[in-house]
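I have placed the structure first, in the form of structure tokens, so that the comments after it can refer back to it.
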Amino acid sequence: MSNTFEKRRQAPSIALISIAIVAVGVVLFVLNLMLGSVSIPFEEFRKAVFGGEASTYRAIILDYRLPQAITALLAGIGLSVSGLLMQTLFRNPLADPSLLGISSGSSLGVALVILLAGGFGGISVSTLALWSTFGVTLAAFVGAFLVLLLILALSTRLRSMVSLVLVGIMIAYIAGSVTDILKFFSQKEGLHSFVIWGMGSFSNVSKAQLPFFAVTILIGVVGAFLLFKTLNLLLLGERYAENLGVNIKQSSMLIILVSGFLTAIITAFCGPIAFLGLAVPHIARFLFRSSDHKLLIPATAFLGMDLALFCNLIARLPSFEGNLPINSVTALIGAPIVLWVIFHRQKVLK
Amino acid sequence: MKEVLKTNNLLIGYKGQALMPEINVSLSEGDIVALAGPNGSGKTTLFKTLSASIKPVGGEVKLFGKDLRDYSPTDRSSLFSLVLTEKPDDLFLKVFDIVAAGRYPHLGLLARLKPDDEQIIYDSLETVGIGHLINRNFVSLSDGEQQKVMIAKALVQDTPLIFMDEPAAFLDYPSKIELVNIMHKLSCEKHKTILFSSHDLDLLLRHADVMWVVAPQQPLRQGTPKDLVGQGIIDEYFRPIIAKNEFYWMK
């Protein structure tokens with residue numbers, strides 16, 4: 001019978017694109033280990049990694065670049081998947097992980113710790129350095145989770161998704177202005193380190209914290225994947241989804257929980273990383289010409305990994321002293337890609 | 001004939017306000033019933049109540065002898081399917097993806113399609129005559145083609161009862177006739193029960209077997225188009241609307 005049907009889509013092309021994405025990821029990962037303010041030639045790199053002898057190169061790679069590269073790829077995966085969930089739930093191409101005010105919550109948490117401690121306690125930031133990384137991470141995490149809990153509690157009382165987005169945006173505004181007020185009253189040093197935190201960084205996760213970071217991201221991504229049927233059904237519209245067995249309220253809460261959990265963890269460890277979560281789902285949909293989340297979630301995860309590794313590489317190109325703020329790089333690299341996708345997809349859809 | 005759906009003193013409306021007197025109707029296996037009424041008469045409200053989207057103001061809806069609201073969403077997904085006026089608008093959604101989503105209630109956790117399921121999807125697309133559109137993007141189709149995709153989705157869901165809200169809207173005349181034919185085919189060959197709504201009097205009077213007629217604050221009346229016209233009910237239910245909008249050149 002099937003000769004009356006065009007062949008169903010081109011499994012090979014999906015496989016080819018997938019292999020390419022993973023291959024690019026591996027190359028970028030190795031480049032992340034090799035390139036930086038100190039460039040390591042390939043022969044030295046091979047010796048340092050597989051040789052087993054202690055050397056400066058080995059220390060640079062294993063203690064500094066490896067945790068940073070792994071953090072970057074994990075954050076890229078988590079934020080991109082989180083953004084995809086938001087875009088599907090709210091059926092809005094502009095949605096991203098920060099939509100519900102979760103990253104604003106963590107900014108406020110961090111502002112309270114850095115600025116209040118610096119401003120009113122009269123303690124300079126340098127004395128905070130000992131516990132600052134941990135304290136800042138904890139504050140960001142608590143801030144993000146309080147907003148997430150607030151959103152989840154409010155979501156049970158709201159009928160429409162649009163109201164929920166509005167509530168999220170309002171929470172973001174409130175958290176933002178409290179943060180601004182704190183900034184206004186704070187001292188220069190505190191302000192400086194707060195601004196630096198706000199620019200995002202992949203180098204704050206220590207080797208000891210890395211396993212925890214990796215496992216939590218993995219849990220979030222697996223959770224997201226288990227929701228793929230619900231996400232596909234939501235694309236048809238709420239009433240169709242409901243008719244096909246989706247409990248809208250319960251599923252929305254689950255999606256917000258998974259997406260918010262990923263955002264909260266990543267913002268706590270890396271600061272508010274902008275743009276990856278918005279851009280990567282668009283690139284994934286375009287590359288695979290698909291809206292099927294069974295394909296999109298893994299695709300978004302791997303593309304997010306590639307883009308984050310690429311941004312991290314650009315941020316510390318050999319010619320730069322130290323690292324560029326990661327947030328300026330993500331938008332600088334990501335925005336042209338999204339623009340290209342938008343203009344190109346008009347042709348494809350015709 | 002096996003009873004599929006029955007309402008007992010059903011009151012429909014919003015916020016405790018009933019739109020019309022109590023409704024007592026029933027649907028049997030293989031019935032094709034047209035729900036007719038002018039715009040704003042409560043057709044969609046009745047639809048939403050019968051499909052468990054909103055709660056009744058009073059009375060009850062029995063589906064296969066059990067109260068509609070006692071079924072879980074998962075149970076309901078295998079008892080009735082919907083064809084709505086709202087349409088998916090995602091840019092990369094394929095015809096195949098939409099129809100396959102209709103099959104989800106029959107699939108496991110990973111939604112893996114077995115050869116049987118794929119066959120059901122192909123057959124449904126053939127039944128509504130759009131097998132050749134399987135790989136197309138949904139948004140690139142015409143309104144009529146999109147309507148057929150949503151009907152195919154309802155078919156793969158494989159439910160005894162199908163609700164169609166304004167399925168003929170946006171269709172040109174030949175497509176409307178085609179739609180009526182498809183509905184009769186489903187009723188005869190697959191014993192589906194179909195309730196569809198329309199405000200297209202011309203189509204209903206020519207092609208419906210049984211009609212339920214509604215108007216604001218009027219009791220629901222049922223019968224064949226011939227009887228309803230003969231008893232002056234069509235006239236009575238649709239006239240207020242026509243009279244209110246009397247053509248100015250006739251004055």
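For the structure tokens, the naming scheme is as follows: chains receive sequential letters (A, B, ...) according to their order of presentation, residues are indexed from 1 within each chain, and ligands are indexed from 1 in presentation order.
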Please provide the set of residues having any atom within 8 Å of A:Asn204, restricted to only C-alpha atoms, with same-chain residues fewer than 2 positions apart removed, written as an mmCIF file with N, CA and C atoms, in the first residue's frame.
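Final output, result.cif:
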data_model
loop_
_atom_site.group_PDB
_atom_site.id
_atom_site.type_symbol
_atom_site.label_atom_id
_atom_site.label_comp_id
_atom_site.auth_asym_id
_atom_site.auth_seq_id
_atom_site.Cartn_x
_atom_site.Cartn_y
_atom_site.Cartn_z
ATOM 1 N N GLN A 68 36.143 23.597 33.529
ATOM 2 C CA GLN A 68 35.446 24.697 32.858
ATOM 3 C C GLN A 68 34.705 24.196 31.617
ATOM 4 N N THR A 133 32.405 31.968 46.963
ATOM 5 C CA THR A 133 31.890 31.147 45.871
ATOM 6 C C THR A 133 30.735 30.290 46.356
ATOM 7 N N SER A 201 29.750 33.029 34.179
ATOM 8 C CA SER A 201 31.064 32.418 34.031
ATOM 9 C C SER A 201 30.933 30.905 34.171
ATOM 10 N N PHE A 202 31.768 30.200 33.399
ATOM 11 C CA PHE A 202 31.754 28.746 33.495
ATOM 12 C C PHE A 202 32.878 28.239 34.386
ATOM 13 N N SER A 206 33.881 24.090 41.034
ATOM 14 C CA SER A 206 35.134 23.416 41.385
ATOM 15 C C SER A 206 35.052 21.945 41.016
ATOM 16 N N PHE A 269 25.282 28.158 39.817
ATOM 17 C CA PHE A 269 26.696 27.863 39.630
ATOM 18 C C PHE A 269 27.388 28.781 38.622
ATOM 19 N N CYS A 270 26.644 29.258 37.626
ATOM 20 C CA CYS A 270 27.309 29.977 36.530
ATOM 21 C C CYS A 270 26.851 31.432 36.393
#
Contact residues (chain B, partner chain A, 6 Å, only C-alpha atoms) as number ranges by chain: B: 73-74, 77, 88, 92-93, 132
Neighbour list for stretch 142-156 of chain B as a PyMOL selection string, cut-off 9 Å, only C-alpha atoms, skip fewer than 3 positions in-chain: chain B and resi 80-85+87+95-96+98-103+117+120-121+123-130+133+138-139+159+162-164+167-172+175+179+186
Length of the atom CA of B:Trp212 to atom CA of B:Asp70 vector [Å]: 25.9 Å
Selected residue, from B:Leu91, B:Leu63, B:Val57, B:Met1, that lies nearest to B:Gly16 when counting only C-alpha atoms: B:Val57
Residue among A:Leu218, A:Thr330, A:Phe184, A:Ala95 lying closest to A:Phe261, counting only C-alpha atoms: A:Leu218
Backbone DSSP call of alpha helix (DSSP H) for stretch 5-191 of chain B, listed as a ChimeraX atom specification: /B:43-50,73-77,95-101,115-127,143-156,173-190
Atomic separation - atom CA of A:Ile102 relative to atom CA of A:Val147, Å: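 Atom CA of A:Val147 sits 5.6 Å away from atom CA of A:Ile102.
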Proximity to A:Ser259 - best of A:Ser203, A:Ser18, A:Ser98, A:Asn32, only C-alpha atoms: A:Ser98
Counting only C-alpha atoms, what is within 9 Å of B:Ala18, bar same-chain residues fewer than 3 positions away, as an mmCIF file with N, CA and C atoms, in the first residue's frame?
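This went into result_27.cif:
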data_model
loop_
_atom_site.group_PDB
_atom_site.id
_atom_site.type_symbol
_atom_site.label_atom_id
_atom_site.label_comp_id
_atom_site.auth_asym_id
_atom_site.auth_seq_id
_atom_site.Cartn_x
_atom_site.Cartn_y
_atom_site.Cartn_z
ATOM 1 N N LEU B 11 -28.008 21.024 32.533
ATOM 2 C CA LEU B 11 -28.017 22.489 32.395
ATOM 3 C C LEU B 11 -26.613 22.934 32.013
ATOM 4 N N ILE B 12 -26.507 23.685 30.915
ATOM 5 C CA ILE B 12 -25.175 24.133 30.501
ATOM 6 C C ILE B 12 -25.069 25.635 30.665
ATOM 7 N N GLY B 13 -23.869 26.121 30.865
ATOM 8 C CA GLY B 13 -23.653 27.559 31.009
ATOM 9 C C GLY B 13 -22.383 27.825 31.770
ATOM 10 N N TYR B 14 -22.236 29.074 32.201
ATOM 11 C CA TYR B 14 -21.044 29.473 32.940
ATOM 12 C C TYR B 14 -21.441 30.113 34.258
ATOM 13 N N LYS B 15 -20.617 29.943 35.281
ATOM 14 C CA LYS B 15 -20.807 30.593 36.578
ATOM 15 C C LYS B 15 -22.217 30.387 37.122
ATOM 16 N N PRO B 21 -33.059 25.867 28.963
ATOM 17 C CA PRO B 21 -33.700 24.907 29.864
ATOM 18 C C PRO B 21 -32.995 23.552 29.831
ATOM 19 N N GLU B 22 -33.427 22.663 30.758
ATOM 20 C CA GLU B 22 -32.776 21.359 30.897
ATOM 21 C C GLU B 22 -32.775 20.567 29.590
ATOM 22 N N PRO B 56 -20.964 20.925 33.989
ATOM 23 C CA PRO B 56 -22.353 21.344 33.791
ATOM 24 C C PRO B 56 -22.819 22.216 34.963
ATOM 25 N N VAL B 57 -23.789 23.089 34.699
ATOM 26 C CA VAL B 57 -24.365 23.903 35.770
ATOM 27 C C VAL B 57 -25.278 23.032 36.633
ATOM 28 N N GLY B 58 -25.907 22.052 35.968
ATOM 29 C CA GLY B 58 -26.753 21.120 36.703
ATOM 30 C C GLY B 58 -26.958 19.864 35.883
ATOM 31 N N GLN B 217 -31.942 30.638 25.595
ATOM 32 C CA GLN B 217 -33.118 30.554 26.462
ATOM 33 C C GLN B 217 -34.281 29.760 25.876
#
Selection near A:Ile265, 9 Å with only C-alpha atoms, sequence-local residues under 4 positions removed, as a list in words: Thr137, Ala140, Phe141, Ala144, Phe213, Thr216, Ile217, Gly260, Phe261, Phe269 and Cys270 of chain A
Distance criterion (only C-alpha atoms): nearest to B:Asp89 out of B:Asp227, B:Val61, B:Arg112, B:Asn137: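 Answer, going by the shortest atom-to-atom distance: B:Asn137.
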